[in-house]
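J.: Structure below; questions to follow.
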Amino acid sequence: MRNSMKVAKWEYRRNMKNKSFIIGLFVTPLLFLLFFNLPSLFDDSEEEEAPVSVYVYDELNVWDSVQSALPEDELSNWSLMSDPMEETEILDELANSEKTAYLLLTEEAIQNGSVKVYMSEDVDENLVYQARVFEQPLVIKQLESLGLSEEEVAVASQGVTFESVVPGEESSGTAIELEEETPEEMLQRIVPIAFGGVILFSILITGMMIFQSASQEKKEKVAEIVLSSLTPEELMKGKIWGYFALGITQVAVWMALILPFLMWKIDLPLLEYILVPETLLSVAIAICGYLLFASIFVGIGATVEDISSTSNFQGILFMFPFLPFVLIAPIMGDPSGIIAQVGTFFPLTTPGVLLLRLAVLDTWPWIEIIIALVVLVITIWFFMKLAGKIFKTGILMYGKDATPKEIWKWLRQ
Amino acid sequence: MGTILTVENLGKSFKNTQIIKDISFDVKQGEIMAVLGPNGAGKTTTIRNIMGIMYPDEGSITFHNHEQNEIPRHKIGYLPEERGLYKNVKVMDILLYFAELKDYPLQKAKVRALEYLEKFGLKGKDKSSIEELSKGMGQKVQFIASIIHEPELLILDEPFSGLDPVSQEVFKEEIIALAKKGTAILLSSHQMNLVEQLCDRLFMIHQGRKVIYGTIDDVKREYANFKCTINGKNDRATLETIPNVVRVEQNEDISILYLSHDVEAGAWLKQLPDHLEIKELSIDRVSLHEIFIDIATGKKEVGVQNA
């Protein structure tokens, strides 16, 4: 272990002094910030967008009930008209004006079931969606006009809910709210898992550097000198831990640069969302994922001298971490379906699929999580053993790439 | 001189091929011991087994009183035949890394590294990247890396390969200096002239088996017969009739007469025929180089000699 730590320290220091790694370390989050701000940068380059003046003729007296639903900063742009206007008059007016819209809430609109939103050419279509704040009060007016009593109107405008009834469950009889999750609640659920995802992504990227490091050791013929001081297992483990530390440093730098910006930009306490018990699980999954793929990469790295000389066989192994991406659509469609479950228990996809499912599921399937993690940990142990066997022989085979047949032979030794 | 390393009946096979068998020798404190043999003889396999990079199938390796698995590796320095250095790191960084791997104090290692860099003409290169160095400079850094931690036993596998004569001389002097300070040195080389100059004892290995083992003088006495070089126009048939001449090689006017093992040089010279044309004559022993070639090409069959 002591010797492994010496190797880990060396790999860490060596990369932290490497210009391209340092540049990548800081450039990646800066690129993120740049792309995040790109749309607003383009917007800023133009003139400050003028607000849209919306004139409402409120024959039905619904204005008071919707005022609170409109964004505060835009409320001043909405004004009530005391007298109605003819359509031709409005169209003439709009033809000669900019950023103007008219909304006529009249008895006729109730009868037709359609409210026309008159807009000048430069007004965004989104205004129509914004005008939908009037929908609910207008429906009530519509029902009242049909002669329904106040109670009937209240019942009709309430909508219908569906209740689940399962024998033996305390929750039976509770209604499933069809209310949508607020963005804050959604973020609260997703952020800890996304944090684990970022860690997995980051350490997988540095994990791929293990491949280069192992093949470099072989290509530059340093392995034998190093192995005169420690065992191949110690060298292999040292590399795995060293690149793990690099990955974590990468995440730390990314977070330090991106989080404050995001918190300022979207005005949400992201740090509070991250510092929850759920994060521990997602980080544990990420670390397991790293260890699994690191053992694969370090093993393959010891069999080839150059990434460009990797055969199809080794190239396929290199694709393993990206397998969960193929499963994104079916898992999002049915997070508890058969594909999601198979992906959860197949070790090569476990980390990615598990994180994906945890992000979308309201209730976590703890039994599945525990079984998947146990399978994953056993697989890591097994892969580490195999990687050790390949590494031991492969790393000293200078000047030659190993064939799958040779690798198979080493595995059986 | 105390024995530092003892190798006894070492054997190693790959698949069904026996690479080395019954390899036994020892290396004493302050001596330079050569392991010789043609390519593929099993030298590197022997060395890798000593270094714990491979594990022997048979036999034992003892370093002081430590057995195979307990050998303190930090007391051994190793310069492998196939060697290189990380390209994109600084000279001092890599030297300190190797010192750290050997548990050697880093401050002390830094001082030693600077001393050796200066000694090898690399003063001021400590902050240079390895990729900026020439091949010869790189080899010097590798050599420094193998001795940075003051090893008790230094194993050098082909240390002179690829070196220019000046660098060879620098390495030779340093190896002698280390031995004088008490370092036991096990050296493998193909350059027999350097082995003759440097080593106290040699162990020759051929097809995985020991063929010669002894001090340089003993080996030469035992295996290096006399040869007589005559400059003059002489008939080969005449030369072959001279007593004790085993073989004659001729190149224009130069004739080399290889003599039998039991010949006495003085008495043999006295009975040379009067009619021989002799412009120049020299008599000396066959060099280690020639013994090596004879063994490697199967011209000479030798038994085992013990030191």
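Identifiers in the structure tokens: chain A, B, ... in order shown; residue index from 1 per chain; ligand index from 1 in order shown.
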If you take only C-alpha atoms and a cut-off of 12 Å, which residues of chain B touch chain A, and what are their nearest atom pairs and distances in Å to one decimal, in chain and number order, as a tab-separated table?
T.:
residue	atom	partner	partner_atom	distance
B:Phe14	CA	A:Gln413	CA	11.5
B:Lys15	CA	A:Gln413	CA	10.6
B:Thr44	CA	A:Glu224	CA	11.4
B:Ile47	CA	A:Ser228	CA	10.5
B:Arg48	CA	A:Ser228	CA	8.6
B:Asn49	CA	A:Ser228	CA	10.4
B:Ile50	CA	A:Ser228	CA	9.6
B:Met51	CA	A:Ser228	CA	5.8
B:Gly52	CA	A:Ser228	CA	7.0
B:Ile53	CA	A:Leu227	CA	6.4
B:Met54	CA	A:Lys392	CA	9.6
B:Tyr55	CA	A:Thr231	CA	11.6
B:Asn69	CA	A:Thr231	CA	11.1
B:Ile71	CA	A:Ser229	CA	10.7
B:Pro72	CA	A:Ser229	CA	9.0
B:Arg73	CA	A:Ser229	CA	5.7
B:His74	CA	A:Ser229	CA	6.5
B:Lys75	CA	A:Ser229	CA	9.6
B:Ile76	CA	A:Ser228	CA	8.3
B:Gly77	CA	A:Ser228	CA	8.0
B:Tyr78	CA	A:Ile225	CA	6.7
B:Leu79	CA	A:Ile225	CA	6.8
B:Pro80	CA	A:Ile225	CA	6.6
B:Glu81	CA	A:Glu224	CA	9.2
B:Glu82	CA	A:Lys221	CA	6.3
B:Arg83	CA	A:Lys221	CA	5.1
B:Gly84	CA	A:Lys221	CA	4.7
B:Leu85	CA	A:Val222	CA	5.4
B:Tyr86	CA	A:Glu220	CA	6.3
B:Lys87	CA	A:Glu220	CA	7.6
B:Asn88	CA	A:Asn18	CA	8.0
B:Val89	CA	A:Arg14	CA	7.1
B:Lys90	CA	A:Arg14	CA	9.5
B:Asp93	CA	A:Arg14	CA	8.7
B:Ile94	CA	A:Trp10	CA	9.1
B:Leu95	CA	A:Trp10	CA	11.7
B:Leu96	CA	A:Trp10	CA	10.0
B:Tyr97	CA	A:Trp10	CA	7.0
B:Phe98	CA	A:Val226	CA	7.5
B:Ala99	CA	A:Ser229	CA	9.8
B:Glu100	CA	A:Lys6	CA	7.3
B:Leu101	CA	A:Ser229	CA	6.0
B:Lys102	CA	A:Ser229	CA	6.2
B:Asp103	CA	A:Asn3	CA	9.4
B:Tyr104	CA	A:Ser229	CA	11.7
B:Ser129	CA	A:Asn18	CA	11.5
B:Ile130	CA	A:Glu220	CA	11.4
B:Glu131	CA	A:Glu220	CA	11.1
B:Gly138	CA	A:Glu220	CA	11.9
B:Gln142	CA	A:Ile225	CA	9.0
B:Phe143	CA	A:Ile225	CA	10.8
B:Ala145	CA	A:Ile225	CA	9.0
B:Ser146	CA	A:Ile225	CA	8.2
B:Ile147	CA	A:Ile225	CA	11.9
B:His149	CA	A:Ser229	CA	11.5
B:Pro151	CA	A:Ser229	CA	11.9
B:Leu154	CA	A:Ser228	CA	11.5
B:Ile155	CA	A:Ser228	CA	10.5
B:Leu156	CA	A:Ile225	CA	11.3
B:Asp157	CA	A:Ile225	CA	11.4
J.: From segment 51-200 of chain B, collect each residue whose DSSP state is strand (DSSP E or B) and return the set as a list in words.
T.: Glu58, Gly59, Ser60, Ile61, Thr62, Phe63, His66, Glu67, Ile76, Gly77, Tyr78, Leu79, Lys90, Ser129, Leu153, Leu154, Ile155, Leu156, Asp157, Ala184, Ile185, Leu186, Leu187 and Ser188 of chain B
J.: The selected residues should be written to file as a compact mmCIF listing (two decimals), in the first residue's frame (atoms: C-alpha atoms).
T.:
# COMPACT_ATOMS: atom_id res chain seq x y z
CA GLU B 58 13.65 -23.80 -8.90
CA GLY B 59 16.53 -22.76 -6.71
CA SER B 60 17.00 -19.93 -4.31
CA ILE B 61 18.27 -16.37 -4.19
CA THR B 62 19.65 -14.98 -0.96
CA PHE B 63 20.55 -11.35 -0.35
CA HIS B 66 17.07 -12.51 3.20
CA GLU B 67 15.35 -15.13 1.08
CA ILE B 76 19.58 -3.04 -4.75
CA GLY B 77 20.13 -0.78 -7.73
CA TYR B 78 19.11 -1.94 -11.19
CA LEU B 79 19.80 -0.72 -14.68
CA LYS B 90 12.13 16.94 -15.46
CA SER B 129 12.84 17.74 -19.51
CA LEU B 153 24.21 -4.43 -4.75
CA LEU B 154 24.16 -2.87 -8.19
CA ILE B 155 22.91 -4.91 -11.14
CA LEU B 156 23.81 -3.49 -14.54
CA ASP B 157 22.37 -5.25 -17.59
CA ALA B 184 28.81 -5.38 -5.00
CA ILE B 185 28.31 -5.16 -8.75
CA LEU B 186 26.77 -7.73 -11.04
CA LEU B 187 27.27 -6.71 -14.62
CA SER B 188 26.18 -8.22 -17.87
J.: Rounded to one decimal place, report the atom CA of Trp254 of chain A-atom CA of Phe320 of chain A distance in Å.
T.: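 Here the two named atoms are 24.7 Å from each other.
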J.: To one decimal in Å, tell me the separation between atom CA of Val251 of chain A and atom CA of Glu233 of chain A.
T.: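 Pair atom CA of Val251 of chain A / atom CA of Glu233 of chain A returns 27.1 Å.
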J.: As number ranges by chain, which residues of segment 37-209 of chain B does DSSP assign to helix (DSSP H, G or I)?
T.: B: 43-50, 68-70, 73-75, 91-101, 106-119, 130-132, 135-147, 165-180, 192-198
J.: Keeping only C-alpha atoms, write the selected residues as an mmCIF file, in the first residue's frame.
T.:
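Result file is part.cif:
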data_model
loop_
_atom_site.group_PDB
_atom_site.id
_atom_site.type_symbol
_atom_site.label_atom_id
_atom_site.label_comp_id
_atom_site.auth_asym_id
_atom_site.auth_seq_id
_atom_site.Cartn_x
_atom_site.Cartn_y
_atom_site.Cartn_z
ATOM 1 C CA LYS B 43 21.313 -13.552 -18.628
ATOM 2 C CA THR B 44 18.352 -11.185 -18.442
ATOM 3 C CA THR B 45 16.097 -13.973 -17.146
ATOM 4 C CA THR B 46 18.639 -14.648 -14.381
ATOM 5 C CA ILE B 47 18.786 -10.952 -13.512
ATOM 6 C CA ARG B 48 15.000 -10.506 -13.584
ATOM 7 C CA ASN B 49 14.680 -13.439 -11.186
ATOM 8 C CA ILE B 50 17.161 -11.841 -8.825
ATOM 9 C CA GLN B 68 13.659 -14.458 -2.270
ATOM 10 C CA ASN B 69 10.405 -12.906 -1.051
ATOM 11 C CA GLU B 70 11.981 -10.858 1.724
ATOM 12 C CA ARG B 73 14.739 -4.164 -2.841
ATOM 13 C CA HIS B 74 15.721 -0.703 -1.716
ATOM 14 C CA LYS B 75 19.250 -1.997 -1.133
ATOM 15 C CA VAL B 91 15.432 15.156 -14.787
ATOM 16 C CA MET B 92 15.430 15.969 -11.068
ATOM 17 C CA ASP B 93 11.796 14.905 -10.654
ATOM 18 C CA ILE B 94 12.401 11.467 -12.097
ATOM 19 C CA LEU B 95 15.579 10.957 -10.074
ATOM 20 C CA LEU B 96 13.740 11.889 -6.881
ATOM 21 C CA TYR B 97 10.866 9.562 -7.819
ATOM 22 C CA PHE B 98 13.247 6.619 -8.154
ATOM 23 C CA ALA B 99 14.906 7.602 -4.864
ATOM 24 C CA GLU B 100 11.486 7.731 -3.203
ATOM 25 C CA LEU B 101 10.601 4.303 -4.562
ATOM 26 C CA LEU B 106 14.761 13.006 -0.699
ATOM 27 C CA GLN B 107 17.016 15.810 0.507
ATOM 28 C CA LYS B 108 20.013 13.511 0.395
ATOM 29 C CA ALA B 109 18.911 12.206 -2.987
ATOM 30 C CA LYS B 110 18.751 15.741 -4.349
ATOM 31 C CA VAL B 111 22.306 16.464 -3.238
ATOM 32 C CA ARG B 112 23.544 13.195 -4.718
ATOM 33 C CA ALA B 113 21.636 13.782 -7.960
ATOM 34 C CA LEU B 114 23.250 17.204 -8.409
ATOM 35 C CA GLU B 115 26.696 15.741 -7.643
ATOM 36 C CA TYR B 116 26.301 12.977 -10.178
ATOM 37 C CA LEU B 117 24.841 15.243 -12.840
ATOM 38 C CA GLU B 118 27.913 17.409 -12.523
ATOM 39 C CA LYS B 119 30.201 14.398 -12.540
ATOM 40 C CA ILE B 130 13.985 14.205 -20.391
ATOM 41 C CA GLU B 131 12.861 14.674 -23.988
ATOM 42 C CA GLU B 132 15.337 17.541 -24.347
ATOM 43 C CA LYS B 135 20.324 9.511 -25.977
ATOM 44 C CA GLY B 136 23.697 9.434 -24.230
ATOM 45 C CA MET B 137 22.564 12.007 -21.674
ATOM 46 C CA GLY B 138 19.432 9.963 -21.050
ATOM 47 C CA GLN B 139 21.558 6.875 -20.398
ATOM 48 C CA LYS B 140 23.595 8.804 -17.872
ATOM 49 C CA VAL B 141 20.405 9.850 -16.087
ATOM 50 C CA GLN B 142 19.281 6.200 -16.055
ATOM 51 C CA PHE B 143 22.609 5.206 -14.562
ATOM 52 C CA ILE B 144 22.289 7.892 -11.871
ATOM 53 C CA ALA B 145 18.749 6.645 -11.156
ATOM 54 C CA SER B 146 20.114 3.163 -10.493
ATOM 55 C CA ILE B 147 22.695 4.355 -7.942
ATOM 56 C CA PRO B 165 33.699 5.612 -26.079
ATOM 57 C CA VAL B 166 33.901 8.738 -23.901
ATOM 58 C CA SER B 167 30.711 7.884 -22.036
ATOM 59 C CA GLN B 168 31.847 4.263 -21.747
ATOM 60 C CA GLU B 169 34.971 5.494 -20.009
ATOM 61 C CA VAL B 170 32.907 7.669 -17.618
ATOM 62 C CA PHE B 171 30.675 4.701 -16.741
ATOM 63 C CA LYS B 172 33.685 2.407 -16.342
ATOM 64 C CA GLU B 173 35.380 4.780 -13.920
ATOM 65 C CA GLU B 174 32.202 5.182 -11.900
ATOM 66 C CA ILE B 175 31.618 1.430 -11.704
ATOM 67 C CA ILE B 176 35.180 0.931 -10.445
ATOM 68 C CA ALA B 177 34.736 3.775 -7.930
ATOM 69 C CA LEU B 178 31.487 2.246 -6.623
ATOM 70 C CA ALA B 179 33.134 -1.157 -6.203
ATOM 71 C CA LYS B 180 36.010 0.447 -4.330
ATOM 72 C CA MET B 192 34.546 -8.430 -23.526
ATOM 73 C CA ASN B 193 37.356 -5.897 -23.543
ATOM 74 C CA LEU B 194 35.489 -3.854 -20.942
ATOM 75 C CA VAL B 195 34.699 -6.955 -18.910
ATOM 76 C CA GLU B 196 38.383 -7.914 -18.957
ATOM 77 C CA GLN B 197 39.347 -4.482 -17.748
ATOM 78 C CA LEU B 198 36.623 -4.113 -15.134
#
J.: Using only C-alpha atoms, which of the listed residues (A:Pro347, A:Thr106, A:Val133, A:Glu150) sits closest to Val374 of chain A?
T.: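 Going through A:Pro347, A:Thr106, A:Val133, A:Glu150 one by one, the smallest distance to Val374 of chain A is for A:Pro347.
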J.: Could you jot down the atom CA of Ala194 of chain A to atom CA of Leu356 of chain A separation for me, Å, one decimal place?
T.: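 So the two atoms, atom CA of Ala194 of chain A and atom CA of Leu356 of chain A, lie 8.7 Å apart.
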J.: Would you kindly return, as a ChimeraX atom specification, each protein, DNA or RNA residue with an atom no farther than 7 Å from any atom of Phe25 of chain B, considering only C-alpha atoms and excluding same-chain residues fewer than 6 positions away?
T.: /B:6-8
J.: Write out the residues from the selection above, keeping N, CA and C atoms, as a short mmCIF file (atom, residue, chain, number, x, y, z; two decimals), in the first residue's frame.
T.:
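Okay, selection.cif is ready:
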data_model
loop_
_atom_site.label_atom_id
_atom_site.label_comp_id
_atom_site.auth_asym_id
_atom_site.auth_seq_id
_atom_site.Cartn_x
_atom_site.Cartn_y
_atom_site.Cartn_z
N THR B 6 23.69 -14.55 -3.10
CA THR B 6 23.96 -15.95 -3.44
C THR B 6 22.81 -16.49 -4.28
N VAL B 7 23.17 -17.02 -5.43
CA VAL B 7 22.17 -17.64 -6.30
C VAL B 7 22.49 -19.13 -6.35
N GLU B 8 21.49 -19.94 -6.03
CA GLU B 8 21.75 -21.38 -5.99
C GLU B 8 20.74 -22.16 -6.82
#
J.: Using only C-alpha atoms for the distances, tell me which of B:Gln250, B:Ser287, B:Ser24, B:Thr297 is nearest to Gly37 of chain B.
T.: B:Thr297
